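Here's run_4.txt, which has compact mmCIF, C-alpha atoms:
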```
# COMPACT_ATOMS: atom_id res chain seq x y z
CA LEU A 1 0.00 0.00 0.00
CA ALA A 2 1.52 3.30 -1.07
CA PRO A 3 0.72 6.89 -0.10
CA GLY A 4 -1.64 8.47 -2.57
CA ILE A 5 -3.15 5.16 -3.72
CA ARG A 6 -6.25 5.85 -5.80
CA SER A 7 -9.54 4.05 -5.63
CA LYS A 8 -9.84 1.44 -8.40
CA PRO A 9 -12.81 -0.47 -9.78
CA LYS A 10 -13.05 -4.02 -8.43
CA GLU A 11 -12.57 -5.41 -11.93
CA GLU A 12 -9.24 -3.59 -12.28
CA ILE A 13 -8.03 -4.80 -8.86
CA ILE A 14 -8.95 -8.41 -9.69
CA SER A 15 -7.32 -8.29 -13.13
CA GLU A 16 -4.07 -6.92 -11.65
CA THR A 17 -4.12 -9.60 -8.96
CA ALA A 18 -4.79 -12.31 -11.55
CA LEU A 19 -1.87 -11.10 -13.67
CA ALA A 20 0.45 -11.18 -10.65
CA VAL A 21 -0.67 -14.70 -9.71
CA CYS A 22 -0.20 -15.93 -13.29
CA ARG A 23 3.39 -14.66 -13.10
CA GLY A 24 3.97 -16.74 -10.00
CA ALA A 25 3.45 -14.13 -7.28
CA SER A 26 2.36 -14.98 -3.76
CA ILE A 27 -0.37 -12.99 -2.04
CA TYR A 28 0.37 -11.33 1.28
CA LEU A 29 -0.28 -8.05 3.06
CA ALA A 30 2.47 -5.76 4.31
CA ILE A 31 2.07 -2.26 5.69
CA THR A 32 5.30 -0.35 6.16
CA PRO A 33 6.00 1.65 9.37
CA GLY A 34 4.91 5.22 9.00
CA TYR A 35 2.39 4.40 6.27
CA ALA A 36 0.64 7.65 5.35
CA GLY A 37 -1.76 6.48 2.67
CA ASP A 38 -5.53 6.22 2.71
CA MET A 39 -6.06 3.14 4.87
CA GLY A 40 -9.70 2.85 3.81
CA VAL A 41 -8.95 2.76 0.07
CA GLY A 42 -5.98 0.43 0.58
CA MET A 43 -7.88 -2.03 2.75
CA GLU A 44 -10.79 -2.16 0.30
CA ALA A 45 -8.34 -3.13 -2.45
CA VAL A 46 -6.85 -5.83 -0.21
CA LYS A 47 -10.30 -7.21 0.64
CA THR A 48 -11.29 -7.34 -3.04
CA ALA A 49 -8.10 -9.15 -4.07
CA GLY A 50 -8.28 -11.46 -1.05
CA ALA A 51 -11.89 -12.47 -1.68
CA TRP A 52 -11.11 -13.32 -5.32
CA TYR A 53 -7.97 -15.24 -4.42
CA GLY A 54 -9.72 -17.13 -1.62
CA LYS A 55 -12.25 -18.55 -4.06
CA LEU A 56 -9.57 -19.72 -6.50
CA LYS A 57 -6.93 -20.93 -4.06
CA PRO A 58 -8.21 -24.55 -3.90
CA TYR A 59 -7.90 -24.79 -7.69
CA LEU A 60 -4.39 -23.33 -7.65
CA GLN A 61 -3.00 -25.84 -5.14
CA ASP A 62 0.08 -27.51 -6.67
CA ALA A 63 -0.54 -25.68 -9.95
CA GLU A 64 2.41 -24.56 -12.05
CA MET A 65 2.69 -21.21 -13.75
CA TYR A 66 2.18 -21.38 -17.51
CA GLY A 67 4.85 -19.83 -19.66
CA ASN A 68 5.95 -20.05 -23.28
CA ILE A 69 9.01 -17.79 -23.08
CA GLY A 70 11.70 -18.73 -20.56
CA ILE A 71 13.91 -16.19 -18.79
CA ALA A 72 17.02 -17.85 -17.39
CA LEU A 73 17.57 -15.95 -14.15
CA GLY A 74 20.01 -18.63 -13.06
CA THR A 75 21.08 -21.39 -10.73
CA PRO A 76 23.04 -19.60 -7.98
CA ALA A 77 25.03 -21.89 -5.69
CA VAL A 78 24.29 -21.76 -1.98
CA GLU A 79 27.98 -21.13 -1.28
CA GLY A 80 28.27 -18.51 -4.03
CA LYS A 81 27.63 -14.76 -4.26
CA GLY A 82 23.95 -15.15 -5.07
CA LEU A 83 22.32 -13.12 -7.82
CA PRO A 84 24.39 -10.12 -8.99
CA VAL A 85 23.30 -6.76 -7.62
CA LYS A 86 25.33 -4.79 -10.17
CA ASN A 87 26.38 -5.27 -13.77
CA GLU A 88 30.16 -5.41 -13.47
CA PHE A 89 30.52 -5.90 -17.22
CA TRP A 90 29.71 -2.23 -17.66
CA SER A 91 31.34 -1.00 -14.46
CA TYR A 92 32.28 2.34 -16.01
CA ILE A 93 28.56 3.16 -16.16
CA ASP A 94 27.67 4.21 -12.63
CA LYS A 95 24.12 5.35 -13.34
CA ASP A 96 21.08 3.23 -14.10
CA GLN A 97 22.61 -0.01 -12.79
CA ILE A 98 20.04 -2.73 -12.11
CA THR A 99 20.15 -6.04 -10.27
CA ALA A 100 19.80 -9.46 -11.89
CA LEU A 101 16.32 -9.83 -10.39
CA TYR A 102 15.14 -6.46 -11.68
CA GLU A 103 16.61 -7.33 -15.07
CA ALA A 104 14.44 -10.45 -15.16
CA VAL A 105 11.35 -8.57 -13.95
CA SER A 106 11.82 -5.93 -16.67
CA LEU A 107 12.05 -8.66 -19.30
CA CYS A 108 8.86 -10.22 -17.91
CA ASP A 109 7.03 -6.92 -18.33
CA ASP A 110 8.26 -6.47 -21.92
CA ILE A 111 7.48 -10.06 -22.92
CA SER A 112 4.00 -10.09 -21.38
CA GLY A 113 3.33 -6.72 -22.99
CA ALA A 114 4.05 -8.32 -26.35
CA GLY A 115 1.38 -10.96 -25.71
CA TYR A 116 3.55 -13.84 -24.51
CA PHE A 117 3.76 -15.59 -21.14
CA PRO A 118 7.17 -15.28 -19.45
CA LYS A 119 8.40 -17.98 -17.10
CA VAL A 120 11.43 -17.24 -14.92
CA LEU A 121 13.84 -20.19 -14.80
CA TYR A 122 15.50 -20.16 -11.39
CA SER A 123 16.79 -22.67 -8.88
CA TYR A 124 18.33 -22.32 -5.46
CA ALA A 125 18.93 -25.02 -2.84
CA ASP A 126 15.83 -27.29 -2.92
CA TYR A 127 13.70 -24.97 -5.06
CA SER A 128 13.59 -24.98 -8.85
CA SER A 129 11.24 -23.57 -11.48
CA TRP A 130 13.24 -25.16 -14.32
CA PRO A 131 11.03 -27.75 -16.07
CA GLN A 132 12.37 -31.22 -16.76
CA SER A 133 12.16 -30.44 -20.47
CA LEU A 134 12.59 -27.04 -22.13
CA ALA A 135 10.97 -28.24 -25.34
CA GLY A 136 7.64 -26.55 -24.56
CA LEU A 137 9.16 -23.06 -24.60
CA LYS A 138 8.99 -21.01 -27.80
CA ALA A 139 12.22 -19.24 -26.84
CA ILE A 140 14.55 -18.75 -23.88
CA VAL A 141 16.09 -15.40 -22.99
CA VAL A 142 19.45 -15.40 -21.18
CA PRO A 143 20.10 -12.01 -19.53
CA GLU A 144 23.61 -10.66 -19.02
CA LEU A 145 23.49 -11.27 -15.27
CA ALA A 146 22.26 -14.88 -15.40
CA VAL A 147 24.39 -17.19 -13.22
CA LEU A 148 24.39 -20.74 -14.57
CA ASP A 149 25.99 -24.02 -13.56
CA LYS A 150 27.34 -26.56 -16.07
CA ALA A 151 24.26 -28.78 -15.88
CA HIS A 152 21.90 -25.99 -16.90
CA ILE A 153 24.30 -24.69 -19.53
CA GLN A 154 24.05 -28.16 -21.03
CA LYS A 155 20.23 -28.02 -20.83
CA LEU A 156 20.32 -24.79 -22.85
CA ARG A 157 22.76 -26.34 -25.32
CA ASP A 158 20.49 -29.36 -25.79
CA TYR A 159 17.48 -27.06 -26.18
CA VAL A 160 19.18 -25.26 -29.09
CA LYS A 161 20.37 -28.56 -30.59
CA ASP A 162 16.75 -29.75 -30.63
CA GLY A 163 15.65 -26.66 -32.53
CA GLY A 164 14.93 -24.21 -29.68
CA THR A 165 15.46 -20.45 -29.98
CA LEU A 166 17.97 -18.89 -27.59
CA ILE A 167 18.06 -15.09 -27.17
CA SER A 168 21.17 -13.80 -25.40
CA PHE A 169 22.59 -10.45 -24.40
CA ALA A 170 26.17 -9.23 -24.84
CA HIS A 171 27.74 -10.98 -21.82
CA SER A 172 25.29 -13.85 -21.39
CA THR A 173 26.77 -17.11 -19.95
CA PHE A 174 29.93 -15.36 -18.72
CA LEU A 175 28.97 -15.99 -15.07
CA ASN A 176 29.06 -19.40 -13.38
CA GLU A 177 26.78 -20.49 -10.53
CA LYS A 178 29.02 -18.74 -7.98
CA GLY A 179 28.79 -15.42 -9.79
CA GLU A 180 32.41 -15.69 -10.95
CA ARG A 181 33.37 -14.50 -14.41
CA LEU A 182 34.54 -17.24 -16.74
CA ALA A 183 37.43 -16.84 -19.15
CA ASP A 184 34.94 -17.12 -22.02
CA GLN A 185 31.19 -17.35 -22.54
CA ALA A 186 29.98 -20.88 -21.82
CA LEU A 187 27.80 -20.89 -24.93
CA ARG A 188 29.99 -18.80 -27.23
CA ASP A 189 30.12 -21.60 -29.79
CA LEU A 190 26.37 -21.20 -30.26
CA TYR A 191 26.58 -17.42 -30.67
CA GLY A 192 29.05 -17.39 -33.54
CA MET A 193 30.88 -14.40 -32.11
CA GLN A 194 32.97 -13.34 -29.16
CA ILE A 195 33.63 -10.16 -27.20
CA LYS A 196 37.09 -8.67 -27.55
CA ALA A 197 38.94 -8.34 -24.24
CA ASP A 198 38.45 -5.00 -22.44
CA SER A 199 36.10 -3.82 -25.21
CA GLU A 200 33.54 -2.70 -22.61
CA LYS A 201 35.68 0.36 -21.93
CA LYS A 202 35.46 1.31 -25.61
CA GLY A 203 31.74 0.88 -26.02
CA GLY A 204 31.76 -2.82 -26.89
CA LEU A 205 33.34 -4.76 -29.74
CA VAL A 206 32.51 -8.23 -31.00
CA ILE A 207 34.37 -10.55 -33.35
CA PHE A 208 32.22 -12.73 -35.61
CA ASN A 209 33.14 -16.36 -36.01
CA GLU A 210 33.18 -17.34 -39.68
CA SER A 211 32.39 -20.94 -38.76
CA ALA A 212 29.06 -20.00 -37.14
CA GLY A 213 26.26 -22.22 -38.26
CA GLU A 214 28.45 -25.21 -39.10
```
So, in terms of structure tokens, how does the structure I just supplied come out?
Amino acid sequence: LAPGIRSKPKEEIISETALAVCRGASIYLAITPGYAGDMGVGMEAVKTAGAWYGKLKPYLQDAEMYGNIGIALGTPAVEGKGLPVKNEFWSYIDKDQITALYEAVSLCDDISGAGYFPKVLYSYADYSSWPQSLAGLKAIVVPELAVLDKAHIQKLRDYVKDGGTLISFAHSTFLNEKGERLADQALRDLYGMQIKADSEKKGGLVIFNESAGE
């Protein structure tokens, strides 16, 4: 609940809640200390969303979020650095730095806005949203800050080998599961190009591999 929250029609509140649930969100209520908003308007919104969710909850038990576009957030190791909080590849850019999680959320917004259903692929400790097979995904996006172990790198490689579409950013697959930078991109052979050393300081430079596609 935020200060200045406006009153919304029940249909709008329910549709926003439904969209959040379809993206895998949990429903809970949190009011920050010093909240200065309109408690009446905020609580009415909570009641509306809660009543709708309460009716559907039994049907959602053990359900899995549908998605046709995967976003590989990563497989951070328990003993590693976790998800990156800054893009060190472009360290000379101090402004507008975003975390790995926000990067994935932004991609979700863009993909859903284009009419597709994003599914974040993430695993940590005993939790995993990675499906057994990636074949059902129309495409998989690998952000720059994705942290991936060898097993999931191989899953992506097999996905492409079987005809899947992989969309990667400039430094995708440079980080292992511990958040450490590798000497080279783990899937560079699929990209058909490589980044020249220290090119980030000069605005970025790639070298195309003439054998790409062989």
Subject >> Minimum-distance residue to Arg181 of chain A, chosen among A:Gly50, A:Pro84, A:Pro118, A:Gly67 (using all atoms listed in the file) >> reply: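 Ranking A:Gly50, A:Pro84, A:Pro118, A:Gly67 by distance to Arg181 of chain A, first place goes to A:Pro84.
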**OP:** Please provide the set of residues having any atom within 12 Å of Cys108 of chain A, restricted to all atoms listed in the file, with same-chain residues fewer than 4 positions apart removed, written as a PyMOL selection string.
**Re:** chain A and resi 19-20+22-24+67-73+101-104+112-121+140-141+143
Original post:
Separation of atom CA of Tyr127 of chain A and atom CA of Lys161 of chain A, in Å?
Top reply: 26.6 Å
Original post:
Which residues, protein or nucleic acid, reach to within 7 Å of (21.9, -17.9, -16.6) in the file's coordinates when using only C-alpha atoms, and can you give that as a PyMOL selection string?
Top reply: chain A and resi 72-75+142-143+145-148+173
Write out the residues from the selection above, keeping C-alpha atoms, as a PDB file, keeping the file's coordinate frame.
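again38.pdb written:
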```pdb
ATOM      1  CA  ALA A  72      17.020 -17.850 -17.390  1.00  0.00           C
ATOM      2  CA  LEU A  73      17.570 -15.950 -14.150  1.00  0.00           C
ATOM      3  CA  GLY A  74      20.010 -18.630 -13.060  1.00  0.00           C
ATOM      4  CA  THR A  75      21.080 -21.390 -10.730  1.00  0.00           C
ATOM      5  CA  VAL A 142      19.450 -15.400 -21.180  1.00  0.00           C
ATOM      6  CA  PRO A 143      20.100 -12.010 -19.530  1.00  0.00           C
ATOM      7  CA  LEU A 145      23.490 -11.270 -15.270  1.00  0.00           C
ATOM      8  CA  ALA A 146      22.260 -14.880 -15.400  1.00  0.00           C
ATOM      9  CA  VAL A 147      24.390 -17.190 -13.220  1.00  0.00           C
ATOM     10  CA  LEU A 148      24.390 -20.740 -14.570  1.00  0.00           C
ATOM     11  CA  THR A 173      26.770 -17.110 -19.950  1.00  0.00           C
TER      12      THR A 173
END
```
**OP:** One decimal, Å: what's the distance from atom CA of Asp189 of chain A over to atom CA of Arg157 of chain A, could you say?
**Re:** 9.8 Å
**OP:** Mind checking which residues fall within 12 Å of Glu177 of chain A, counting all atoms listed in the file, ignoring those fewer than 5 positions away in the same chain, and posting them as JSON, numbers by chain?
**Re:** {"A": [73, 74, 75, 76, 77, 78, 79, 80, 81, 82, 83, 84, 122, 123, 124, 125, 145, 146, 147, 148, 149, 150, 151, 152, 153, 182, 186]}
